[in-house]
>>> print(open('start_15.txt').read())   # compact mmCIF, C-alpha atoms
# COMPACT_ATOMS: atom_id res chain seq x y z
CA MET A 1 96.70 77.58 -20.05
CA GLU A 2 99.31 80.29 -19.64
CA ASN A 3 99.97 82.93 -22.25
CA SER A 4 97.03 81.89 -24.41
CA SER A 5 94.51 84.71 -24.08
CA ALA A 6 94.08 85.05 -27.84
CA VAL A 7 93.54 81.33 -28.20
CA HIS A 8 91.04 81.50 -25.34
CA GLY A 9 89.04 84.03 -27.33
CA THR A 10 88.97 81.79 -30.39
CA LYS A 11 87.94 78.79 -28.31
CA VAL A 12 85.19 80.74 -26.59
CA GLN A 13 83.77 81.76 -29.98
CA SER A 14 83.90 78.22 -31.31
CA ARG A 15 82.31 76.79 -28.18
CA PHE A 16 79.61 79.43 -28.29
CA CYS A 17 78.75 78.44 -31.85
CA LEU A 18 78.72 74.82 -30.76
CA ALA A 19 76.37 75.79 -27.92
CA LEU A 20 73.87 77.27 -30.39
CA VAL A 21 73.82 74.04 -32.38
CA LEU A 22 73.66 71.65 -29.44
CA ALA A 23 71.04 73.65 -27.58
CA ALA A 24 68.67 73.13 -30.52
CA LEU A 25 69.05 69.37 -30.34
CA PRO A 26 66.61 67.23 -28.35
CA THR A 27 67.44 67.07 -24.67
CA VAL A 28 69.12 63.93 -23.43
CA ALA A 29 67.71 63.03 -20.03
CA ALA A 30 67.53 60.10 -17.71
CA ASN A 31 63.90 58.92 -17.83
CA GLU A 32 62.67 62.50 -17.31
CA GLU A 33 61.53 65.42 -19.45
CA VAL A 34 62.81 68.96 -19.36
CA PRO A 35 60.93 70.99 -16.73
CA VAL A 36 58.33 73.27 -18.27
CA ALA A 37 59.93 76.26 -16.54
CA HIS A 38 62.88 76.05 -18.93
CA GLN A 39 60.70 76.22 -22.04
CA ASP A 40 58.14 78.92 -21.17
CA SER A 41 59.45 81.48 -23.66
CA TRP A 42 62.52 82.73 -25.47
CA GLY A 43 63.17 84.89 -22.44
CA ASP A 44 63.83 81.74 -20.42
CA PHE A 45 66.17 80.20 -22.99
CA TRP A 46 69.74 80.43 -21.68
CA VAL A 47 71.31 81.34 -25.05
CA PHE A 48 68.91 84.27 -25.38
CA ARG A 49 69.67 85.44 -21.83
CA PHE A 50 73.39 85.13 -22.50
CA LEU A 51 73.12 87.32 -25.62
CA VAL A 52 71.01 89.93 -23.83
CA ASN A 53 73.47 90.09 -20.93
CA ALA A 54 76.41 90.32 -23.34
CA ALA A 55 74.70 93.20 -25.15
CA GLY A 56 74.33 94.99 -21.83
CA TYR A 57 78.02 94.57 -21.05
CA ALA A 58 78.94 95.73 -24.56
CA SER A 59 76.99 98.95 -24.03
CA ILE A 60 79.47 99.78 -21.26
CA VAL A 61 82.64 98.19 -22.65
CA VAL A 62 82.52 99.76 -26.13
CA PRO A 63 82.21 103.44 -25.00
CA GLY A 64 84.86 102.76 -22.35
CA PHE A 65 87.21 101.29 -24.94
CA LEU A 66 86.72 104.28 -27.25
CA LEU A 67 87.45 106.71 -24.38
CA ILE A 68 90.63 104.85 -23.43
CA GLN A 69 91.85 104.91 -27.04
CA TYR A 70 91.03 108.62 -27.26
CA PHE A 71 93.05 109.51 -24.14
CA LYS A 72 96.00 107.37 -25.28
CA LYS A 73 96.09 108.88 -28.78
CA LYS A 74 95.78 112.37 -27.37
CA ASN A 75 98.78 111.67 -25.10
CA TYR A 76 96.68 112.84 -22.17
CA LEU A 77 99.38 111.84 -19.67
CA GLU A 78 101.57 114.67 -21.00
CA THR A 79 98.94 117.25 -21.96
CA GLY A 80 96.14 116.63 -19.45
CA ARG A 81 95.20 119.18 -16.82
CA GLY A 82 92.33 119.94 -14.48
CA VAL A 83 90.35 118.24 -11.72
CA CYS A 84 89.74 115.04 -13.71
CA PHE A 85 93.41 114.44 -14.49
CA PRO A 86 94.22 112.22 -11.45
CA VAL A 87 91.12 110.08 -12.05
CA ILE A 88 91.80 109.63 -15.77
CA LYS A 89 95.47 108.93 -15.11
CA SER A 90 94.60 106.23 -12.55
CA CYS A 91 91.96 104.62 -14.77
CA VAL A 92 93.80 104.70 -18.11
CA PHE A 93 97.55 104.91 -17.41
CA GLY A 94 98.11 103.78 -13.83
CA ASN A 95 100.53 105.26 -11.32
CA GLU A 96 103.60 103.02 -11.38
CA ALA A 97 105.69 100.83 -13.62
CA LYS A 98 105.45 97.07 -13.25
CA SER A 99 107.22 95.44 -10.34
CA GLY A 100 108.42 91.90 -9.97
CA HIS A 101 105.67 89.66 -8.65
CA GLN A 102 103.72 89.19 -5.47
CA ASP A 103 105.66 86.00 -4.73
CA ASP A 104 108.31 87.99 -2.79
CA ALA A 105 105.71 89.51 -0.50
CA LEU A 106 104.01 86.15 -0.03
CA LEU A 107 107.28 84.44 0.82
CA ALA A 108 108.19 87.17 3.32
CA ALA A 109 104.82 86.87 5.01
CA ARG A 110 105.05 83.08 5.01
CA ASN A 111 108.56 83.16 6.53
CA GLU A 112 107.21 85.20 9.42
CA THR A 113 104.68 82.46 10.14
CA VAL A 114 107.42 79.84 10.35
CA GLU A 115 108.93 81.68 13.31
CA SER A 116 105.67 81.62 15.28
CA SER A 117 104.86 78.77 17.67
CA THR A 118 103.52 75.44 16.47
CA ALA A 119 100.35 75.84 18.53
CA ARG A 120 99.71 79.24 16.94
CA GLN A 121 100.20 77.78 13.48
CA ILE A 122 97.81 74.91 14.19
CA PHE A 123 95.22 77.39 15.44
CA LYS A 124 95.62 79.50 12.28
CA LEU A 125 95.29 76.42 10.07
CA LEU A 126 92.12 75.30 11.87
CA PHE A 127 90.75 78.84 11.60
CA CYS A 128 91.41 78.95 7.84
CA ALA A 129 90.06 75.45 7.20
CA THR A 130 86.91 76.08 9.27
CA GLY A 131 86.30 79.46 7.64
CA LEU A 132 86.68 78.05 4.13
CA GLN A 133 84.50 75.01 4.81
CA ILE A 134 81.69 76.99 6.46
CA SER A 135 81.74 79.76 3.82
CA TYR A 136 81.74 77.56 0.73
CA LEU A 137 79.65 74.64 2.01
CA THR A 138 76.91 77.10 3.02
CA TRP A 139 77.35 78.88 -0.31
CA GLY A 140 76.96 75.59 -2.24
CA VAL A 141 73.83 74.51 -0.34
CA LEU A 142 72.21 77.94 -0.82
CA GLN A 143 73.20 78.09 -4.48
CA GLU A 144 71.39 74.83 -5.18
CA ARG A 145 68.39 75.92 -3.10
CA VAL A 146 67.99 79.22 -4.93
CA MET A 147 68.41 77.85 -8.45
CA THR A 148 66.49 74.56 -8.23
CA ARG A 149 63.63 75.06 -5.74
CA THR A 150 60.51 77.21 -5.67
CA TYR A 151 59.55 79.97 -3.24
CA GLY A 152 56.12 80.65 -1.77
CA ALA A 153 54.78 77.14 -2.38
CA THR A 154 51.51 76.20 -0.65
CA GLU A 155 49.05 73.32 -0.94
CA SER A 156 47.17 75.16 -3.69
CA ASP A 157 50.08 77.10 -5.24
CA PRO A 158 53.27 75.40 -6.52
CA GLY A 159 55.22 78.63 -5.97
CA GLU A 160 57.67 80.30 -8.35
CA LYS A 161 61.34 79.88 -9.15
CA PHE A 162 63.88 82.68 -9.26
CA LYS A 163 65.34 82.70 -12.79
CA ASP A 164 67.73 85.66 -13.07
CA SER A 165 71.26 84.36 -12.41
CA GLN A 166 72.75 87.77 -13.20
CA PHE A 167 71.03 89.36 -10.20
CA LEU A 168 72.66 86.76 -7.92
CA VAL A 169 76.05 87.58 -9.47
CA PHE A 170 75.38 91.28 -8.81
CA MET A 171 74.44 90.59 -5.17
CA ASN A 172 77.64 88.59 -4.66
CA ARG A 173 79.85 91.22 -6.25
CA ILE A 174 78.44 94.30 -4.55
CA LEU A 175 78.99 92.82 -1.08
CA ALA A 176 82.45 91.51 -2.03
CA CYS A 177 83.32 94.99 -3.34
CA THR A 178 82.16 96.58 -0.06
CA VAL A 179 84.09 94.11 2.11
CA ALA A 180 87.28 94.46 0.03
CA GLY A 181 86.97 98.26 0.00
CA LEU A 182 86.61 98.42 3.79
CA TYR A 183 89.55 96.05 4.23
CA CYS A 184 91.75 98.19 1.97
CA ALA A 185 90.69 101.36 3.79
CA LEU A 186 91.33 99.97 7.28
CA THR A 187 94.61 98.12 6.64
CA LYS A 188 97.95 99.10 5.15
CA GLN A 189 98.14 98.28 1.44
CA PRO A 190 100.86 98.78 -1.21
CA ARG A 191 100.58 101.84 -3.44
CA HIS A 192 98.34 100.87 -6.33
CA GLY A 193 99.95 101.06 -9.75
CA ALA A 194 97.86 99.15 -12.33
CA PRO A 195 95.59 101.04 -14.76
CA MET A 196 92.07 100.49 -13.43
CA TYR A 197 90.62 99.55 -16.81
CA LYS A 198 92.73 96.38 -16.89
CA TYR A 199 90.56 94.92 -14.12
CA SER A 200 87.60 95.00 -16.50
CA PHE A 201 88.87 92.02 -18.52
CA ALA A 202 89.08 89.74 -15.48
CA SER A 203 85.80 91.19 -14.22
CA LEU A 204 83.93 90.40 -17.43
CA SER A 205 85.19 86.81 -17.61
CA ASN A 206 84.50 86.38 -13.88
CA ILE A 207 80.90 87.54 -14.31
CA LEU A 208 80.36 85.18 -17.24
CA SER A 209 81.91 82.22 -15.43
CA SER A 210 79.69 82.83 -12.37
CA TRP A 211 76.63 83.23 -14.59
CA CYS A 212 77.37 79.94 -16.37
CA GLN A 213 77.82 78.27 -12.98
CA TYR A 214 74.40 79.42 -11.73
CA GLU A 215 72.63 78.68 -15.02
CA ALA A 216 74.12 75.17 -15.25
CA LEU A 217 72.25 74.16 -12.08
CA LYS A 218 69.00 74.50 -14.02
CA TYR A 219 70.09 71.60 -16.24
CA ILE A 220 72.48 69.41 -14.24
CA SER A 221 72.74 68.26 -10.64
CA PHE A 222 75.01 69.99 -8.14
CA PRO A 223 77.21 66.87 -7.61
CA THR A 224 77.77 66.70 -11.37
CA GLN A 225 78.77 70.37 -11.40
CA VAL A 226 81.25 69.88 -8.54
CA LEU A 227 82.86 66.90 -10.29
CA ALA A 228 83.09 68.87 -13.54
CA LYS A 229 84.96 71.64 -11.69
CA ALA A 230 87.29 69.07 -10.15
CA SER A 231 88.05 67.62 -13.57
CA LYS A 232 88.90 70.92 -15.28
CA VAL A 233 92.57 69.92 -14.99
CA ILE A 234 91.99 67.73 -18.07
CA PRO A 235 91.11 70.54 -20.54
CA VAL A 236 93.85 72.67 -18.96
CA MET A 237 96.41 69.95 -19.71
CA LEU A 238 95.08 69.46 -23.24
CA MET A 239 95.28 73.19 -23.89
CA GLY A 240 98.82 73.33 -22.51
CA LYS A 241 99.88 70.43 -24.70
CA LEU A 242 98.28 71.68 -27.92
CA VAL A 243 98.82 75.42 -27.56
CA SER A 244 101.90 75.91 -25.39
CA ARG A 245 103.65 72.62 -26.27
CA LYS A 246 104.06 71.95 -22.56
CA SER A 247 105.35 68.62 -21.31
CA TYR A 248 103.89 66.89 -18.27
CA GLU A 249 105.16 64.33 -15.78
CA TYR A 250 103.89 60.76 -15.87
CA TRP A 251 101.91 61.26 -12.62
CA GLU A 252 100.02 64.16 -14.20
CA TYR A 253 98.83 61.93 -17.04
CA LEU A 254 97.97 59.18 -14.53
CA THR A 255 95.90 61.43 -12.29
CA ALA A 256 94.15 63.04 -15.29
CA ALA A 257 93.23 59.54 -16.53
CA LEU A 258 91.93 58.60 -13.06
CA ILE A 259 89.81 61.76 -12.94
CA SER A 260 88.35 60.93 -16.38
CA VAL A 261 87.51 57.40 -15.24
CA GLY A 262 85.93 58.62 -12.00
CA VAL A 263 83.79 61.27 -13.67
CA SER A 264 82.69 58.78 -16.35
CA MET A 265 81.70 56.24 -13.68
CA PHE A 266 79.60 58.85 -11.86
CA LEU A 267 77.87 60.19 -14.98
CA LEU A 268 77.13 56.78 -16.51
CA SER A 269 75.75 55.42 -13.23
CA SER A 270 73.52 58.49 -12.84
CA THR A 271 72.23 58.24 -16.40
CA HIS A 272 70.61 54.87 -15.74
CA HIS A 273 69.06 55.85 -12.43
CA LYS A 274 65.32 56.45 -12.40
CA HIS A 275 65.17 59.02 -9.62
CA LEU A 276 67.63 61.62 -10.85
CA SER A 277 66.23 64.92 -9.53
CA THR A 278 67.89 67.27 -12.04
CA VAL A 279 68.18 66.61 -15.74
CA THR A 280 71.61 66.42 -17.35
CA THR A 281 71.40 68.09 -20.75
CA PHE A 282 73.57 69.34 -23.54
CA SER A 283 72.86 72.86 -22.33
CA GLY A 284 74.25 72.01 -18.90
CA VAL A 285 77.42 70.55 -20.40
CA ILE A 286 77.92 73.61 -22.61
CA LEU A 287 77.38 75.97 -19.68
CA LEU A 288 79.95 74.03 -17.65
CA ALA A 289 82.39 74.26 -20.57
CA GLY A 290 81.75 78.01 -20.64
CA TYR A 291 82.40 78.22 -16.90
CA ILE A 292 85.75 76.42 -17.27
CA VAL A 293 86.87 78.60 -20.22
CA PHE A 294 85.92 81.91 -18.59
CA ASP A 295 87.33 80.87 -15.21
CA SER A 296 90.64 79.84 -16.82
CA PHE A 297 90.91 83.23 -18.53
CA THR A 298 90.16 85.04 -15.26
CA SER A 299 92.93 83.30 -13.34
CA ASN A 300 95.47 83.85 -16.14
CA TRP A 301 94.61 87.54 -16.50
CA GLN A 302 94.76 88.11 -12.75
CA ASP A 303 98.14 86.40 -12.63
CA ALA A 304 99.38 88.83 -15.31
CA LEU A 305 97.99 91.79 -13.35
CA PHE A 306 100.01 90.77 -10.29
CA THR A 307 103.12 91.94 -12.14
CA TYR A 308 101.97 95.34 -10.90
CA LYS A 309 102.48 96.07 -7.22
CA MET A 310 99.20 95.16 -5.51
CA SER A 311 97.74 92.97 -2.79
CA SER A 312 95.19 90.21 -3.33
CA VAL A 313 92.49 92.29 -1.63
CA GLN A 314 93.22 95.22 -3.96
CA MET A 315 92.75 92.78 -6.84
CA MET A 316 89.46 91.64 -5.30
CA PHE A 317 88.29 95.24 -4.97
CA GLY A 318 89.29 96.26 -8.50
CA VAL A 319 87.64 93.27 -10.17
CA ASN A 320 84.44 93.61 -8.13
CA VAL A 321 84.10 97.35 -8.84
CA PHE A 322 83.84 96.61 -12.56
CA SER A 323 81.65 93.55 -11.89
CA CYS A 324 79.15 95.78 -10.06
CA LEU A 325 79.25 98.32 -12.89
CA PHE A 326 78.67 95.71 -15.63
CA THR A 327 75.92 93.76 -13.85
CA VAL A 328 73.92 96.73 -12.55
CA GLY A 329 74.13 98.38 -15.99
CA SER A 330 72.88 95.24 -17.74
CA LEU A 331 70.13 94.67 -15.15
CA LEU A 332 68.87 98.26 -15.47
CA GLU A 333 68.85 98.10 -19.26
CA GLN A 334 66.78 94.90 -19.15
CA GLY A 335 64.48 96.14 -16.39
CA ALA A 336 65.46 93.03 -14.45
CA LEU A 337 66.76 94.82 -11.36
CA LEU A 338 63.34 96.04 -10.22
CA GLU A 339 61.78 92.70 -11.10
CA SER A 340 64.32 90.87 -8.90
CA VAL A 341 63.79 93.35 -6.05
CA ARG A 342 60.04 92.73 -6.29
CA PHE A 343 60.71 88.99 -6.10
CA MET A 344 62.72 89.61 -2.92
CA ALA A 345 59.84 91.65 -1.50
CA ARG A 346 57.36 88.87 -2.28
CA HIS A 347 59.55 86.15 -0.77
CA SER A 348 61.47 87.10 2.36
CA GLU A 349 63.04 83.63 2.42
CA PHE A 350 64.67 84.31 -0.95
CA ALA A 351 65.92 87.70 0.30
CA ALA A 352 67.59 85.99 3.28
CA HIS A 353 69.12 83.33 1.03
CA ALA A 354 70.46 85.89 -1.46
CA VAL A 355 72.06 88.00 1.28
CA LEU A 356 73.60 84.98 3.03
CA LEU A 357 74.85 83.70 -0.34
CA SER A 358 76.62 87.01 -0.89
CA VAL A 359 78.08 87.07 2.64
CA CYS A 360 79.51 83.56 2.21
CA SER A 361 81.00 84.46 -1.19
CA ALA A 362 82.63 87.69 0.06
CA PHE A 363 84.14 86.29 3.24
CA GLY A 364 85.10 83.08 1.43
CA GLN A 365 87.32 85.15 -0.88
CA LEU A 366 89.03 86.75 2.12
CA PHE A 367 89.65 83.32 3.64
CA ILE A 368 91.18 82.20 0.32
CA PHE A 369 93.66 85.09 0.28
CA TYR A 370 94.55 84.68 3.96
CA THR A 371 95.05 80.90 3.68
CA ILE A 372 97.32 81.14 0.63
CA ASN A 373 99.26 83.97 2.26
CA GLN A 374 99.81 82.00 5.48
CA PHE A 375 100.23 78.41 4.28
CA GLY A 376 100.69 78.43 0.51
CA ALA A 377 98.73 77.05 -2.44
CA ALA A 378 99.24 73.34 -1.61
CA VAL A 379 97.50 73.52 1.79
CA PHE A 380 94.74 75.64 0.27
CA THR A 381 94.20 73.06 -2.51
CA ILE A 382 93.86 70.23 0.01
CA ILE A 383 91.28 72.19 2.05
CA MET A 384 89.24 73.07 -1.04
CA THR A 385 89.42 69.50 -2.38
CA LEU A 386 87.95 68.28 0.92
CA ARG A 387 85.31 71.00 0.60
CA GLN A 388 84.26 69.64 -2.80
CA ALA A 389 83.82 66.14 -1.36
CA PHE A 390 81.79 67.49 1.59
CA ALA A 391 79.69 69.60 -0.81
CA ILE A 392 78.67 66.52 -2.80
CA LEU A 393 77.81 64.66 0.41
CA LEU A 394 75.75 67.58 1.77
CA SER A 395 73.91 68.02 -1.53
CA CYS A 396 72.95 64.33 -1.61
CA LEU A 397 71.79 64.39 2.03
CA ILE A 398 69.83 67.66 1.88
CA TYR A 399 68.35 67.53 -1.62
CA GLY A 400 68.03 63.79 -2.04
CA HIS A 401 70.32 63.17 -5.00
CA ALA A 402 70.53 59.43 -5.48
CA VAL A 403 74.06 58.10 -6.01
CA THR A 404 74.65 54.46 -6.91
CA VAL A 405 77.55 52.37 -5.61
CA VAL A 406 79.34 52.80 -8.94
CA GLY A 407 78.74 56.56 -8.81
CA GLY A 408 80.11 56.71 -5.27
CA LEU A 409 83.22 54.81 -6.36
CA GLY A 410 83.61 57.26 -9.23
CA VAL A 411 83.52 60.21 -6.82
CA ALA A 412 86.11 58.47 -4.61
CA VAL A 413 88.40 57.87 -7.61
CA VAL A 414 88.23 61.57 -8.58
CA PHE A 415 89.21 62.83 -5.12
CA ILE A 416 91.93 60.20 -4.67
CA ALA A 417 93.41 61.42 -7.96
CA LEU A 418 93.22 65.06 -6.81
CA PHE A 419 95.03 64.27 -3.56
CA LEU A 420 97.66 62.33 -5.51
CA ARG A 421 98.25 65.41 -7.66
CA VAL A 422 98.76 67.61 -4.60
CA TYR A 423 101.12 65.06 -3.00
CA ALA A 424 103.18 64.50 -6.16
CA ARG A 425 103.46 68.23 -6.84
CA SER A 426 104.67 68.96 -3.31
CA ARG A 427 107.26 66.15 -3.57
CA MET A 428 108.51 67.56 -6.88
CA LYS A 429 108.88 71.06 -5.38
CA LYS A 430 110.79 69.74 -2.36
CA ARG A 431 113.10 67.75 -4.62
CA ALA A 432 113.76 70.82 -6.78
CA LYS A 433 114.70 72.89 -3.71
CA LYS A 434 117.31 70.38 -2.46
CA PRO A 435 120.91 71.53 -3.09
CA PRO A 436 123.12 69.29 -5.24
CA VAL A 437 125.12 66.73 -3.25
CA GLU A 438 128.32 67.51 -5.13
CA THR A 439 128.55 71.01 -3.70
CA THR A 440 129.10 69.67 -0.17
CA VAL A 441 132.24 67.65 -1.09
CA GLN A 442 135.42 69.19 0.35
CA LYS A 443 138.85 69.02 -1.25
CA VAL A 444 141.54 67.00 0.64
>>> encode(input="start_15.txt", output="structure tokens")
Amino acid sequence: MENSSAVHGTKVQSRFCLALVLAALPTVAANEEVPVAHQDSWGDFWVFRFLVNAAGYASIVVPGFLLIQYFKKKNYLETGRGVCFPVIKSCVFGNEAKSGHQDDALLAARNETVESSTARQIFKLLFCATGLQISYLTWGVLQERVMTRTYGATESDPGEKFKDSQFLVFMNRILACTVAGLYCALTKQPRHGAPMYKYSFASLSNILSSWCQYEALKYISFPTQVLAKASKVIPVMLMGKLVSRKSYEYWEYLTAALISVGVSMFLLSSTHHKHLSTVTTFSGVILLAGYIVFDSFTSNWQDALFTYKMSSVQMMFGVNVFSCLFTVGSLLEQGALLESVRFMARHSEFAAHAVLLSVCSAFGQLFIFYTINQFGAAVFTIIMTLRQAFAILLSCLIYGHAVTVVGGLGVAVVFIALFLRVYARSRMKKRAKKPPVETTVQKV
């Protein structure tokens, strides 16, 4: 996964071409037909919407790229003057050279927590776990409600579905940007040094991954989506093996195999069930693949950006500023912004859901940063793995997804494998930190 941005681009292109071919094939469903809502017109076809959204982003990215190249070739950093100079310098060139990595700051903050009392630490852990669970479980339930159910339904009127995933992405990002901006303004932050335009890469891939995530719910069930996210370690390992020639421990292969078995058990058991509420299609699988690819690029690019001196909340603010710019520009060009606002005006329930969805997403990100800062990535991974299991359970209880015994066993196998990965990784890190025994031997 690391150091493979160029390869990511090639893979995205190839998968996109594959998507065009597969989307034209007949839908594979479990004793159901594709809902009519998905086939009303070309405007409702996900490939068409993807291309239109991409064209909107390109209308902002291309002029921005040309301006950046112009300022660099003109050597504006040396020759620039005037009121706009500080803004252009911050956006194109940045203010500082690269520093080491945020690990030093994280370790210093984490060492301070070790000195605090055990009771205080337990309280902080419960606070983090509760905040993460409430934020993302509510977010998952609302996400499925908004994308799979109708609004305004009566006895005589079946109601209407909200179809524009990009507007939901915009709602999430504008609130996250506001929360991160206020946090940065009210708390002490390191002096920002990265060129602002570099956030646009992570922002674009983050928008596309979120869009794929929302769109996939139109074609596959929420439990299937959660399991697909949990199993993304498999393509990550394959990419690392093929591209980076990385070697893996035996337990990593074992847990990856267990995840594959568990996901296969769940999918195969669902395929033969007669009451599957959401159709699993090729389009859904392709959208999930797109989510995994774009999300992998986002995390890698953000990791590279942390070589500049910045906090996680500054990263959140920078990425979301560009996300707001891209999404609102694309929505205005399509005329979809006013249409979505009218939908909100017609259905106050949808307006409440969209706002609460955005609140959960924004504060969930803050809980992520705080948890990793206080307790490290291993504790955070355990909390979020539990969240995925609870999300599947909640989805089945609230929306009536039928899961067979074999499917339930498959889900259990996946999460057992994930916990094994966390346990084995923490044991390996502890073993690596132990000093060699030979250094303690004294001469007689």
>>> residues_around(input="start_15.txt", residues="stretch 61-72 of chain A", least_positions_apart="6", cutoff="10 Å", atoms="only C-alpha atoms", output="mmCIF file with C-alpha atoms, in the coordinates of the input")
data_model
loop_
_atom_site.group_PDB
_atom_site.id
_atom_site.type_symbol
_atom_site.label_atom_id
_atom_site.label_comp_id
_atom_site.auth_asym_id
_atom_site.auth_seq_id
_atom_site.Cartn_x
_atom_site.Cartn_y
_atom_site.Cartn_z
ATOM 1 C CA ALA A 55 74.700 93.200 -25.150
ATOM 2 C CA THR A 79 98.940 117.250 -21.960
ATOM 3 C CA GLY A 80 96.140 116.630 -19.450
ATOM 4 C CA ILE A 88 91.800 109.630 -15.770
ATOM 5 C CA LYS A 89 95.470 108.930 -15.110
ATOM 6 C CA CYS A 91 91.960 104.620 -14.770
ATOM 7 C CA VAL A 92 93.800 104.700 -18.110
ATOM 8 C CA PHE A 93 97.550 104.910 -17.410
ATOM 9 C CA TYR A 197 90.620 99.550 -16.810
ATOM 10 C CA SER A 200 87.600 95.000 -16.500
ATOM 11 C CA PHE A 201 88.870 92.020 -18.520
ATOM 12 C CA LEU A 204 83.930 90.400 -17.430
ATOM 13 C CA PHE A 326 78.670 95.710 -15.630
#
>>> atom_distance(input="start_15.txt", atom1="atom CA of A:Gly376", atom2="atom CA of A:Lys198")
26.2 Å
>>> residues_around(input="start_15.txt", residues="stretch 211-225 of chain A", least_positions_apart="2", cutoff="9 Å", atoms="only C-alpha atoms", output="compact mmCIF listing (two decimals) with C-alpha atoms, in the coordinates of the input")
# COMPACT_ATOMS: atom_id res chain seq x y z
CA VAL A 34 62.81 68.96 -19.36
CA HIS A 38 62.88 76.05 -18.93
CA TRP A 46 69.74 80.43 -21.68
CA PHE A 50 73.39 85.13 -22.50
CA GLY A 140 76.96 75.59 -2.24
CA GLN A 143 73.20 78.09 -4.48
CA GLU A 144 71.39 74.83 -5.18
CA MET A 147 68.41 77.85 -8.45
CA THR A 148 66.49 74.56 -8.23
CA LYS A 163 65.34 82.70 -12.79
CA ASP A 164 67.73 85.66 -13.07
CA SER A 165 71.26 84.36 -12.41
CA GLN A 166 72.75 87.77 -13.20
CA LEU A 168 72.66 86.76 -7.92
CA VAL A 169 76.05 87.58 -9.47
CA ASN A 206 84.50 86.38 -13.88
CA ILE A 207 80.90 87.54 -14.31
CA LEU A 208 80.36 85.18 -17.24
CA SER A 209 81.91 82.22 -15.43
CA LEU A 227 82.86 66.90 -10.29
CA ALA A 228 83.09 68.87 -13.54
CA LYS A 229 84.96 71.64 -11.69
CA ALA A 230 87.29 69.07 -10.15
CA VAL A 263 83.79 61.27 -13.67
CA PHE A 266 79.60 58.85 -11.86
CA LEU A 267 77.87 60.19 -14.98
CA LEU A 276 67.63 61.62 -10.85
CA SER A 277 66.23 64.92 -9.53
CA THR A 278 67.89 67.27 -12.04
CA VAL A 279 68.18 66.61 -15.74
CA THR A 280 71.61 66.42 -17.35
CA THR A 281 71.40 68.09 -20.75
CA PHE A 282 73.57 69.34 -23.54
CA SER A 283 72.86 72.86 -22.33
CA GLY A 284 74.25 72.01 -18.90
CA VAL A 285 77.42 70.55 -20.40
CA ILE A 286 77.92 73.61 -22.61
CA LEU A 287 77.38 75.97 -19.68
CA LEU A 288 79.95 74.03 -17.65
CA ALA A 289 82.39 74.26 -20.57
CA GLY A 290 81.75 78.01 -20.64
CA TYR A 291 82.40 78.22 -16.90
CA GLN A 388 84.26 69.64 -2.80
CA ALA A 391 79.69 69.60 -0.81
CA ILE A 392 78.67 66.52 -2.80
CA LEU A 393 77.81 64.66 0.41
CA SER A 395 73.91 68.02 -1.53
CA CYS A 396 72.95 64.33 -1.61
CA HIS A 401 70.32 63.17 -5.00
>>> atom_distance(input="start_15.txt", atom1="atom CA of A:Cys324", atom2="atom CA of A:Phe170")
6.0 Å
>>> closest_residue(input="start_15.txt", among="A:Ser299, A:Thr255, A:Gln374, A:Thr385", to="A:Leu420", atoms="all atoms listed in the file")
A:Thr255
>>> residues_around(input="start_15.txt", residues="A:Leu254", least_positions_apart="4", cutoff="12 Å", atoms="only C-alpha atoms", output="list in words")
Ile234, Tyr248, Glu249, Tyr250, Leu258, Ile259, Ser260, Val261, Val413, Val414, Ile416, Ala417, Leu418, Leu420, Arg421 and Ala424 of chain A
>>> residues_around(input="start_15.txt", residues="A:Thr187", least_positions_apart="3", cutoff="12 Å", atoms="all atoms listed in the file", output="PDB file with C-alpha atoms, in the frame of the given file")
ATOM      1  CA  ALA A 180      87.280  94.460   0.030  1.00  0.00           C
ATOM      2  CA  GLY A 181      86.970  98.260   0.000  1.00  0.00           C
ATOM      3  CA  LEU A 182      86.610  98.420   3.790  1.00  0.00           C
ATOM      4  CA  TYR A 183      89.550  96.050   4.230  1.00  0.00           C
ATOM      5  CA  CYS A 184      91.750  98.190   1.970  1.00  0.00           C
ATOM      6  CA  PRO A 190     100.860  98.780  -1.210  1.00  0.00           C
ATOM      7  CA  SER A 311      97.740  92.970  -2.790  1.00  0.00           C
ATOM      8  CA  VAL A 313      92.490  92.290  -1.630  1.00  0.00           C
ATOM      9  CA  GLN A 314      93.220  95.220  -3.960  1.00  0.00           C
TER      10      GLN A 314
END
